[in-house]
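S.K.: Sharing a structure, written as structure tokens. Questions coming.
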Protein chains: 2
Amino acid sequence: MDAQPEEPVRRRLTRAETKARTRALLLDAAARTFARKGFTGASVEEIAEAAGFSTGALYSNFSSKEALFLELLSDRRRDRLAAAAQALDSHGAGTAEAVTELGRLLVNVADKDIEFAALQAEFWLYAIRNPQVMGALADSARESHQALEGLVAAAMARRGAPERVSAQAVATVVAALFIGLVRQRRVDPDCVSEELFGQALNWLFTGINAEDADGD
Amino acid sequence: MDAQPEEPVRRRLTRAETKARTRALLLDAAARTFARKGFTGASVEEIAEAAGFSTGALYSNFSSKEALFLELLSDRRRDRLAAAAQALDSHGAGTAEAVTELGRLLVNVADKDIEFAALQAEFWLYAIRNPQVMGALADSARESHQALEGLVAAAMARRGAPERVSAQAVATVVAALFIGLVRQRRVDPDCVSEELFGQALNWLFTGINAEDADGD
DNA sequence: GTCTATAGCAGGATAGAC
DNA sequence: GTCTATCCTGCTATAGAC
């Protein structure tokens, strides 16, 4: 017989799919927990419980707490900035006022994922303390950076920025602004209004355009 | 007799001074250790040993690990940025090319104190996870911010920036740039050249000056 | 005021049942 | 593949000697 009553053919989840789902749930819970308690402060039991499993199940899916953390770091789905940027990019970034749009996009990212900044800070601290994983962080950063660079290049083109100014350098500056303003906004929201980021971007891009006249 | 051989009057350190010195040594060791291992990852024994004392001595000077950490946060001597800014400020910031000077100053701070960024990140993470200490972090940030604002105002005046642009807002943007670039430089030094900070500041201040023509 | 010793507890990781 | 129970280590904080 082809069809066995004991094992229905239309079963939705294979064993592998169940395991994959467990892994995904554990990764989600880990992201939340690491963001809230930090790598050292978060316990594996806490993470497992947040996902609805036991520590045994966690260790059956990840070899150690560190392995779980590093998988999060390499997991590109975590990077909302890159995802949002790509979405906006393929959506036609140059149609609206590009710089304003870029500012809005990044503010949205900051507001939507309240744990994003904390988790990034954890990754950064972990990487500077464990040089062997710095490469992984650099790879992850490069992904976001390239997505951002696309947006920046579009904004520069629309504004008619001088060609010799590298979009790569400007993207780095924009990323720095983003990181720094998000961080300060958490400490003192009054100092960092919602519009400040867009305003800073406008100053920046205006200054870049004025490079034409400058010597070097 | 005035002078007692058993207890020389020209003794350098009183008991209070000895204790103050112990406290200072413990605070220094704590700053290094927290920067290298994080608040949760650093053990009090580790800190005490780094200072050349025992855990008992540490607890005789600070009521808990957290109290030690918070004292570091409030300790204004820790803030090299504010100190350097004040030094430069009273030294005459407006004499040289102000923006370039500002860029050099901040790069120096980043290079001189390699642990500065890590410790600041620890403070930030601790504050967002323990709202009751966010006020202390905000106070500390305000100190640096005001020192920076003085420098920024001087640079703006020298460049003839429009009066209606607030030095406070610009100082926030400059601080964000600083934080963000220092952070990225640790991950990928090739992306963040030494000159990039100065260049970004030049773009920024040039763009601000062009505000005159702008609508809003 | 500092040291040694230790109480008391929590967390990472594992073993074996199911 | 997941759960329960547990080992072992390492940590914070304290007590008492000097």
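So you can find residues: chains in the structure tokens are A, B, ... in the order shown, residues in each start at 1, and ligands are numbered from 1 in order.
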Counting only C-alpha atoms (C1' of nucleotides), what is within 8 Å of segment 44-47 of chain A, bar same-chain residues fewer than 2 positions away, as a PDB file with all heavy atoms, in the first residue's frame?

M.R.:
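What follows is the written file around-v2.pdb:
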ATOM      1  N   LEU A  26      13.135  29.677  19.334  1.00  0.00           N
ATOM      2  CA  LEU A  26      14.234  29.894  20.277  1.00  0.00           C
ATOM      3  C   LEU A  26      15.057  31.124  19.884  1.00  0.00           C
ATOM      4  O   LEU A  26      15.460  31.916  20.748  1.00  0.00           O
ATOM      5  CB  LEU A  26      15.130  28.653  20.335  1.00  0.00           C
ATOM      6  CG  LEU A  26      14.564  27.489  21.156  1.00  0.00           C
ATOM      7  CD1 LEU A  26      15.349  26.201  20.891  1.00  0.00           C
ATOM      8  CD2 LEU A  26      14.580  27.811  22.648  1.00  0.00           C
ATOM      9  N   ALA A  29      13.079  34.263  20.846  1.00  0.00           N
ATOM     10  CA  ALA A  29      13.121  34.463  22.297  1.00  0.00           C
ATOM     11  C   ALA A  29      14.505  34.915  22.729  1.00  0.00           C
ATOM     12  O   ALA A  29      14.650  35.774  23.610  1.00  0.00           O
ATOM     13  CB  ALA A  29      12.739  33.162  23.018  1.00  0.00           C
ATOM     14  N   ALA A  30      15.530  34.369  22.098  1.00  0.00           N
ATOM     15  CA  ALA A  30      16.898  34.753  22.446  1.00  0.00           C
ATOM     16  C   ALA A  30      17.139  36.225  22.122  1.00  0.00           C
ATOM     17  O   ALA A  30      17.748  36.950  22.913  1.00  0.00           O
ATOM     18  CB  ALA A  30      17.891  33.870  21.694  1.00  0.00           C
ATOM     19  N   THR A  33      15.451  38.273  24.782  1.00  0.00           N
ATOM     20  CA  THR A  33      16.064  38.118  26.101  1.00  0.00           C
ATOM     21  C   THR A  33      17.468  38.725  26.160  1.00  0.00           C
ATOM     22  O   THR A  33      17.811  39.407  27.129  1.00  0.00           O
ATOM     23  CB  THR A  33      16.108  36.639  26.487  1.00  0.00           C
ATOM     24  OG1 THR A  33      14.831  36.053  26.256  1.00  0.00           O
ATOM     25  CG2 THR A  33      16.479  36.477  27.953  1.00  0.00           C
ATOM     26  N   ALA A  42      21.566  37.241  30.550  1.00  0.00           N
ATOM     27  CA  ALA A  42      20.458  36.363  30.163  1.00  0.00           C
ATOM     28  C   ALA A  42      20.837  34.916  30.437  1.00  0.00           C
ATOM     29  O   ALA A  42      21.934  34.476  30.101  1.00  0.00           O
ATOM     30  CB  ALA A  42      20.145  36.554  28.682  1.00  0.00           C
ATOM     31  N   GLU A  49      12.451  29.213  28.339  1.00  0.00           N
ATOM     32  CA  GLU A  49      11.095  29.414  28.853  1.00  0.00           C
ATOM     33  C   GLU A  49      10.336  30.462  28.046  1.00  0.00           C
ATOM     34  O   GLU A  49       9.145  30.305  27.786  1.00  0.00           O
ATOM     35  CB  GLU A  49      11.139  29.820  30.325  1.00  0.00           C
ATOM     36  CG  GLU A  49      11.131  28.602  31.256  1.00  0.00           C
ATOM     37  CD  GLU A  49      11.335  29.000  32.712  1.00  0.00           C
ATOM     38  OE1 GLU A  49      11.185  30.193  33.034  1.00  0.00           O
ATOM     39  OE2 GLU A  49      11.660  28.109  33.526  1.00  0.00           O
ATOM     40  N   ALA A  50      11.045  31.525  27.656  1.00  0.00           N
ATOM     41  CA  ALA A  50      10.402  32.563  26.856  1.00  0.00           C
ATOM     42  C   ALA A  50       9.908  31.998  25.519  1.00  0.00           C
ATOM     43  O   ALA A  50       8.939  32.479  24.943  1.00  0.00           O
ATOM     44  CB  ALA A  50      11.363  33.727  26.612  1.00  0.00           C
ATOM     45  N   ALA A  51      10.600  30.963  25.029  1.00  0.00           N
ATOM     46  CA  ALA A  51      10.198  30.346  23.767  1.00  0.00           C
ATOM     47  C   ALA A  51       9.185  29.231  24.004  1.00  0.00           C
ATOM     48  O   ALA A  51       8.627  28.675  23.061  1.00  0.00           O
ATOM     49  CB  ALA A  51      11.427  29.798  23.045  1.00  0.00           C
ATOM     50  N   SER A  54      12.177  23.851  27.241  1.00  0.00           N
ATOM     51  CA  SER A  54      13.066  23.649  28.385  1.00  0.00           C
ATOM     52  C   SER A  54      14.519  23.829  27.949  1.00  0.00           C
ATOM     53  O   SER A  54      14.813  23.885  26.749  1.00  0.00           O
ATOM     54  CB  SER A  54      12.893  22.240  28.923  1.00  0.00           C
ATOM     55  OG  SER A  54      13.259  21.303  27.941  1.00  0.00           O
ATOM     56  N   THR A  55      15.396  23.923  28.923  1.00  0.00           N
ATOM     57  CA  THR A  55      16.811  24.112  28.576  1.00  0.00           C
ATOM     58  C   THR A  55      17.329  22.925  27.759  1.00  0.00           C
ATOM     59  O   THR A  55      18.161  23.101  26.873  1.00  0.00           O
ATOM     60  CB  THR A  55      17.686  24.276  29.828  1.00  0.00           C
ATOM     61  OG1 THR A  55      17.773  23.020  30.488  1.00  0.00           O
ATOM     62  CG2 THR A  55      17.117  25.302  30.772  1.00  0.00           C
ATOM     63  N   LEU A  58      16.639  23.467  24.236  1.00  0.00           N
ATOM     64  CA  LEU A  58      17.545  24.477  23.694  1.00  0.00           C
ATOM     65  C   LEU A  58      18.893  23.847  23.334  1.00  0.00           C
ATOM     66  O   LEU A  58      19.410  24.046  22.227  1.00  0.00           O
ATOM     67  CB  LEU A  58      17.733  25.612  24.713  1.00  0.00           C
ATOM     68  CG  LEU A  58      18.481  26.857  24.251  1.00  0.00           C
ATOM     69  CD1 LEU A  58      18.027  28.082  25.028  1.00  0.00           C
ATOM     70  CD2 LEU A  58      19.996  26.706  24.405  1.00  0.00           C
ATOM     71  N   LYS A  65      25.261  28.517  24.734  1.00  0.00           N
ATOM     72  CA  LYS A  65      24.690  29.860  24.776  1.00  0.00           C
ATOM     73  C   LYS A  65      25.378  30.754  23.746  1.00  0.00           C
ATOM     74  O   LYS A  65      24.725  31.529  23.044  1.00  0.00           O
ATOM     75  CB  LYS A  65      24.885  30.422  26.186  1.00  0.00           C
ATOM     76  CG  LYS A  65      24.272  31.765  26.467  1.00  0.00           C
ATOM     77  CD  LYS A  65      24.627  32.178  27.889  1.00  0.00           C
ATOM     78  CE  LYS A  65      24.175  33.572  28.220  1.00  0.00           C
ATOM     79  NZ  LYS A  65      24.564  33.958  29.605  1.00  0.00           N
TER      80      LYS A  65
ATOM     81  P    DG C  12      23.372  30.864  31.932  1.00  0.00           P
ATOM     82  OP1  DG C  12      23.685  31.974  31.031  1.00  0.00           O
ATOM     83  OP2  DG C  12      22.011  30.300  31.980  1.00  0.00           O
ATOM     84  O5'  DG C  12      24.393  29.675  31.658  1.00  0.00           O
ATOM     85  C5'  DG C  12      25.775  29.941  31.681  1.00  0.00           C
ATOM     86  C4'  DG C  12      26.559  28.662  31.483  1.00  0.00           C
ATOM     87  O4'  DG C  12      26.289  27.776  32.583  1.00  0.00           O
ATOM     88  C3'  DG C  12      26.188  27.900  30.212  1.00  0.00           C
ATOM     89  O3'  DG C  12      27.384  27.382  29.627  1.00  0.00           O
ATOM     90  C2'  DG C  12      25.272  26.785  30.705  1.00  0.00           C
ATOM     91  C1'  DG C  12      25.751  26.547  32.128  1.00  0.00           C
ATOM     92  N9   DG C  12      24.677  26.201  33.056  1.00  0.00           N
ATOM     93  C8   DG C  12      23.498  26.848  33.230  1.00  0.00           C
ATOM     94  N7   DG C  12      22.738  26.322  34.154  1.00  0.00           N
ATOM     95  C5   DG C  12      23.469  25.248  34.619  1.00  0.00           C
ATOM     96  C6   DG C  12      23.170  24.291  35.619  1.00  0.00           C
ATOM     97  O6   DG C  12      22.158  24.207  36.314  1.00  0.00           O
ATOM     98  N1   DG C  12      24.202  23.367  35.780  1.00  0.00           N
ATOM     99  C2   DG C  12      25.371  23.361  35.064  1.00  0.00           C
ATOM    100  N2   DG C  12      26.233  22.394  35.352  1.00  0.00           N
ATOM    101  N3   DG C  12      25.666  24.248  34.125  1.00  0.00           N
ATOM    102  C4   DG C  12      24.673  25.158  33.951  1.00  0.00           C
TER     103       DG C  12
END

S.K.: Over all Cα atoms paired in order, how far apart are chain A and chain B after a least-squares superposition, as an RMSD in Å?

M.R.: 0.5 Å

S.K.: Can you check which parts of chain B lie within 10 Å of chain C? Per residue, the shortest pair of atoms and distance in Å to one decimal, counting only C-alpha atoms (C1' of nucleotides), sorted by chain and number, as a tab-separated table.

M.R.:
residue	atom	partner	partner_atom	distance
B:Arg15	CA	C:DG1	C1'	8.9
B:Thr18	CA	C:DG1	C1'	9.2
B:Lys19	CA	C:DG1	C1'	7.7
B:Thr22	CA	C:DG1	C1'	9.8
B:Phe53	CA	C:DT2	C1'	7.9
B:Ser54	CA	C:DC3	C1'	6.9
B:Thr55	CA	C:DC3	C1'	8.8
B:Gly56	CA	C:DT2	C1'	6.9
B:Ala57	CA	C:DT2	C1'	5.3
B:Leu58	CA	C:DT2	C1'	9.1
B:Ser60	CA	C:DG1	C1'	7.6
B:Asn61	CA	C:DG1	C1'	9.2

S.K.: Show me which bits of chain B are within 6 Å of chain A, counting only C-alpha atoms, as a PyMOL selection string.

M.R.: chain B and resi 138+176-177+179-181+187+203-204+206-208

S.K.: Selection from above, N, CA, C and O atoms, as a CSV table (one decimal), in the first residue's frame, can you write it?

M.R.:
chain,number,residue,atom,x,y,z
B,138,ALA,N,21.7,60.6,32.2
B,138,ALA,CA,21.3,61.8,31.6
B,138,ALA,C,22.1,63.0,32.1
B,138,ALA,O,22.6,63.8,31.4
B,176,ALA,N,26.5,62.5,18.2
B,176,ALA,CA,26.1,61.3,17.5
B,176,ALA,C,27.1,60.8,16.5
B,176,ALA,O,27.4,59.6,16.4
B,177,LEU,N,27.6,61.7,15.7
B,177,LEU,CA,28.6,61.4,14.7
B,177,LEU,C,29.8,60.8,15.4
B,177,LEU,O,30.3,59.7,15.0
B,179,ILE,N,30.0,59.3,18.5
B,179,ILE,CA,29.7,57.9,19.0
B,179,ILE,C,29.6,56.9,17.9
B,179,ILE,O,30.2,55.8,17.9
B,180,GLY,N,28.9,57.2,16.8
B,180,GLY,CA,28.7,56.3,15.7
B,180,GLY,C,30.0,56.0,15.0
B,180,GLY,O,30.2,54.8,14.6
B,181,LEU,N,30.8,57.0,14.7
B,181,LEU,CA,32.0,56.7,14.0
B,181,LEU,C,33.0,55.9,14.8
B,181,LEU,O,33.7,55.0,14.3
B,187,VAL,N,34.9,48.2,14.3
B,187,VAL,CA,34.4,47.0,13.6
B,187,VAL,C,35.2,46.9,12.2
B,187,VAL,O,35.7,45.9,11.9
B,203,TRP,N,31.4,69.0,6.2
B,203,TRP,CA,30.1,69.0,5.4
B,203,TRP,C,29.0,69.5,6.2
B,203,TRP,O,28.2,70.4,5.8
B,204,LEU,N,28.9,69.1,7.5
B,204,LEU,CA,27.8,69.5,8.4
B,204,LEU,C,27.8,71.0,8.5
B,204,LEU,O,26.8,71.7,8.3
B,206,THR,N,29.3,73.3,6.8
B,206,THR,CA,29.0,74.0,5.5
B,206,THR,C,27.5,74.0,5.2
B,206,THR,O,27.0,75.0,4.8
B,207,GLY,N,26.9,72.9,5.4
B,207,GLY,CA,25.5,72.8,5.2
B,207,GLY,C,24.7,73.7,6.1
B,207,GLY,O,23.7,74.3,5.6
B,208,ILE,N,25.1,73.8,7.3
B,208,ILE,CA,24.4,74.7,8.2
B,208,ILE,C,24.5,76.2,7.8
B,208,ILE,O,23.5,76.9,7.8

S.K.: What is the distance, in Å and to one decimal place, between atom CA of His145 of chain A and atom CA of Arg104 of chain B?

M.R.: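 Atom CA of His145 of chain A sits 25.4 Å away from atom CA of Arg104 of chain B.
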
S.K.: Just asking: which residues within segment 10-200 of chain A are helix (DSSP H, G or I) according to DSSP, as number ranges by chain?

M.R.: A: 15-37, 44-51, 55-61, 65-74, 76-78, 80-90, 98-112, 116-129, 131-159, 167-187, 189-191, 194-200

S.K.: Please indicate the distance in Å from atom CA of Leu72 of chain A to atom CA of Leu27 of chain A, rounded to one decimal place.

M.R.: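 These atoms are spaced 6.6 Å apart.
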
S.K.: What is the atom CA of Ala161 of chain B to atom CA of Asp212 of chain B distance in Å?

M.R.: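 Those two atoms sit 8.6 Å apart.
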
S.K.: How close does chain D get to chain A? List, as CSV, each residue of chain D within 10 Å, its nearest atom pair and the distance in Å to one decimal, counting only C-alpha atoms (C1' of nucleotides).

M.R.:
residue,atom,partner,partner_atom,distance
D:DG1,C1',A:Ala57,CA,7.1
D:DT2,C1',A:Ala57,CA,5.3
D:DC3,C1',A:Ser54,CA,6.7
D:DT4,C1',A:Gly56,CA,9.0

S.K.: Grab the residues selected above and save them as a PDB file, in the first residue's frame with all heavy atoms.

M.R.:
ATOM      1  P    DG D   1      14.996  15.057  15.177  1.00  0.00           P
ATOM      2  OP1  DG D   1      15.011  15.844  14.070  1.00  0.00           O
ATOM      3  OP2  DG D   1      15.736  13.983  15.734  1.00  0.00           O
ATOM      4  O5'  DG D   1      14.562  15.997  16.480  1.00  0.00           O
ATOM      5  C5'  DG D   1      13.441  15.489  16.881  1.00  0.00           C
ATOM      6  C4'  DG D   1      12.684  16.293  17.877  1.00  0.00           C
ATOM      7  O4'  DG D   1      12.498  15.433  19.039  1.00  0.00           O
ATOM      8  C3'  DG D   1      13.263  17.570  18.436  1.00  0.00           C
ATOM      9  O3'  DG D   1      12.107  18.326  18.832  1.00  0.00           O
ATOM     10  C2'  DG D   1      14.077  17.095  19.631  1.00  0.00           C
ATOM     11  C1'  DG D   1      13.259  15.920  20.139  1.00  0.00           C
ATOM     12  N9   DG D   1      14.040  14.776  20.647  1.00  0.00           N
ATOM     13  C8   DG D   1      15.295  14.367  20.299  1.00  0.00           C
ATOM     14  N7   DG D   1      15.687  13.302  20.949  1.00  0.00           N
ATOM     15  C5   DG D   1      14.604  12.986  21.793  1.00  0.00           C
ATOM     16  C6   DG D   1      14.420  11.945  22.745  1.00  0.00           C
ATOM     17  O6   DG D   1      15.218  11.044  23.047  1.00  0.00           O
ATOM     18  N1   DG D   1      13.180  12.011  23.364  1.00  0.00           N
ATOM     19  C2   DG D   1      12.224  12.950  23.081  1.00  0.00           C
ATOM     20  N2   DG D   1      11.088  12.868  23.768  1.00  0.00           N
ATOM     21  N3   DG D   1      12.382  13.928  22.195  1.00  0.00           N
ATOM     22  C4   DG D   1      13.591  13.891  21.597  1.00  0.00           C
ATOM     23  P    DT D   2      12.190  19.777  19.482  1.00  0.00           P
ATOM     24  OP1  DT D   2      11.109  20.550  18.854  1.00  0.00           O
ATOM     25  OP2  DT D   2      13.589  20.226  19.377  1.00  0.00           O
ATOM     26  O5'  DT D   2      11.828  19.601  21.020  1.00  0.00           O
ATOM     27  C5'  DT D   2      10.568  19.039  21.367  1.00  0.00           C
ATOM     28  C4'  DT D   2      10.591  18.552  22.802  1.00  0.00           C
ATOM     29  O4'  DT D   2      11.485  17.423  22.936  1.00  0.00           O
ATOM     30  C3'  DT D   2      11.076  19.586  23.825  1.00  0.00           C
ATOM     31  O3'  DT D   2       9.977  19.931  24.665  1.00  0.00           O
ATOM     32  C2'  DT D   2      12.185  18.871  24.588  1.00  0.00           C
ATOM     33  C1'  DT D   2      11.931  17.412  24.273  1.00  0.00           C
ATOM     34  N1   DT D   2      13.128  16.541  24.351  1.00  0.00           N
ATOM     35  C2   DT D   2      13.140  15.501  25.251  1.00  0.00           C
ATOM     36  O2   DT D   2      12.212  15.256  25.999  1.00  0.00           O
ATOM     37  N3   DT D   2      14.289  14.756  25.263  1.00  0.00           N
ATOM     38  C4   DT D   2      15.411  14.944  24.470  1.00  0.00           C
ATOM     39  O4   DT D   2      16.388  14.203  24.578  1.00  0.00           O
ATOM     40  C5   DT D   2      15.342  16.049  23.552  1.00  0.00           C
ATOM     41  C7   DT D   2      16.503  16.354  22.661  1.00  0.00           C
ATOM     42  C6   DT D   2      14.210  16.791  23.527  1.00  0.00           C
ATOM     43  P    DC D   3      10.204  20.764  26.004  1.00  0.00           P
ATOM     44  OP1  DC D   3       8.952  21.504  26.274  1.00  0.00           O
ATOM     45  OP2  DC D   3      11.481  21.492  25.923  1.00  0.00           O
ATOM     46  O5'  DC D   3      10.348  19.593  27.094  1.00  0.00           O
ATOM     47  C5'  DC D   3       9.240  18.741  27.369  1.00  0.00           C
ATOM     48  C4'  DC D   3       9.516  17.922  28.629  1.00  0.00           C
ATOM     49  O4'  DC D   3      10.649  17.060  28.368  1.00  0.00           O
ATOM     50  C3'  DC D   3       9.904  18.778  29.844  1.00  0.00           C
ATOM     51  O3'  DC D   3       9.232  18.343  31.013  1.00  0.00           O
ATOM     52  C2'  DC D   3      11.402  18.606  29.957  1.00  0.00           C
ATOM     53  C1'  DC D   3      11.622  17.221  29.386  1.00  0.00           C
ATOM     54  N1   DC D   3      12.955  17.103  28.744  1.00  0.00           N
ATOM     55  C2   DC D   3      13.826  16.077  29.147  1.00  0.00           C
ATOM     56  O2   DC D   3      13.457  15.285  30.022  1.00  0.00           O
ATOM     57  N3   DC D   3      15.050  15.996  28.566  1.00  0.00           N
ATOM     58  C4   DC D   3      15.399  16.872  27.624  1.00  0.00           C
ATOM     59  N4   DC D   3      16.614  16.723  27.092  1.00  0.00           N
ATOM     60  C5   DC D   3      14.530  17.912  27.203  1.00  0.00           C
ATOM     61  C6   DC D   3      13.329  17.996  27.778  1.00  0.00           C
ATOM     62  P    DT D   4       9.313  19.259  32.348  1.00  0.00           P
ATOM     63  OP1  DT D   4       7.941  19.593  32.755  1.00  0.00           O
ATOM     64  OP2  DT D   4      10.295  20.325  32.098  1.00  0.00           O
ATOM     65  O5'  DT D   4       9.959  18.264  33.424  1.00  0.00           O
ATOM     66  C5'  DT D   4       9.908  16.860  33.236  1.00  0.00           C
ATOM     67  C4'  DT D   4      10.885  16.189  34.196  1.00  0.00           C
ATOM     68  O4'  DT D   4      12.164  15.967  33.538  1.00  0.00           O
ATOM     69  C3'  DT D   4      11.211  16.971  35.471  1.00  0.00           C
ATOM     70  O3'  DT D   4      11.292  16.046  36.550  1.00  0.00           O
ATOM     71  C2'  DT D   4      12.553  17.617  35.162  1.00  0.00           C
ATOM     72  C1'  DT D   4      13.205  16.570  34.269  1.00  0.00           C
ATOM     73  N1   DT D   4      14.174  17.094  33.268  1.00  0.00           N
ATOM     74  C2   DT D   4      15.366  16.428  33.085  1.00  0.00           C
ATOM     75  O2   DT D   4      15.683  15.443  33.703  1.00  0.00           O
ATOM     76  N3   DT D   4      16.181  16.994  32.128  1.00  0.00           N
ATOM     77  C4   DT D   4      15.932  18.123  31.353  1.00  0.00           C
ATOM     78  O4   DT D   4      16.744  18.510  30.535  1.00  0.00           O
ATOM     79  C5   DT D   4      14.656  18.757  31.608  1.00  0.00           C
ATOM     80  C7   DT D   4      14.294  19.976  30.831  1.00  0.00           C
ATOM     81  C6   DT D   4      13.847  18.227  32.540  1.00  0.00           C
TER      82       DT D   4
END
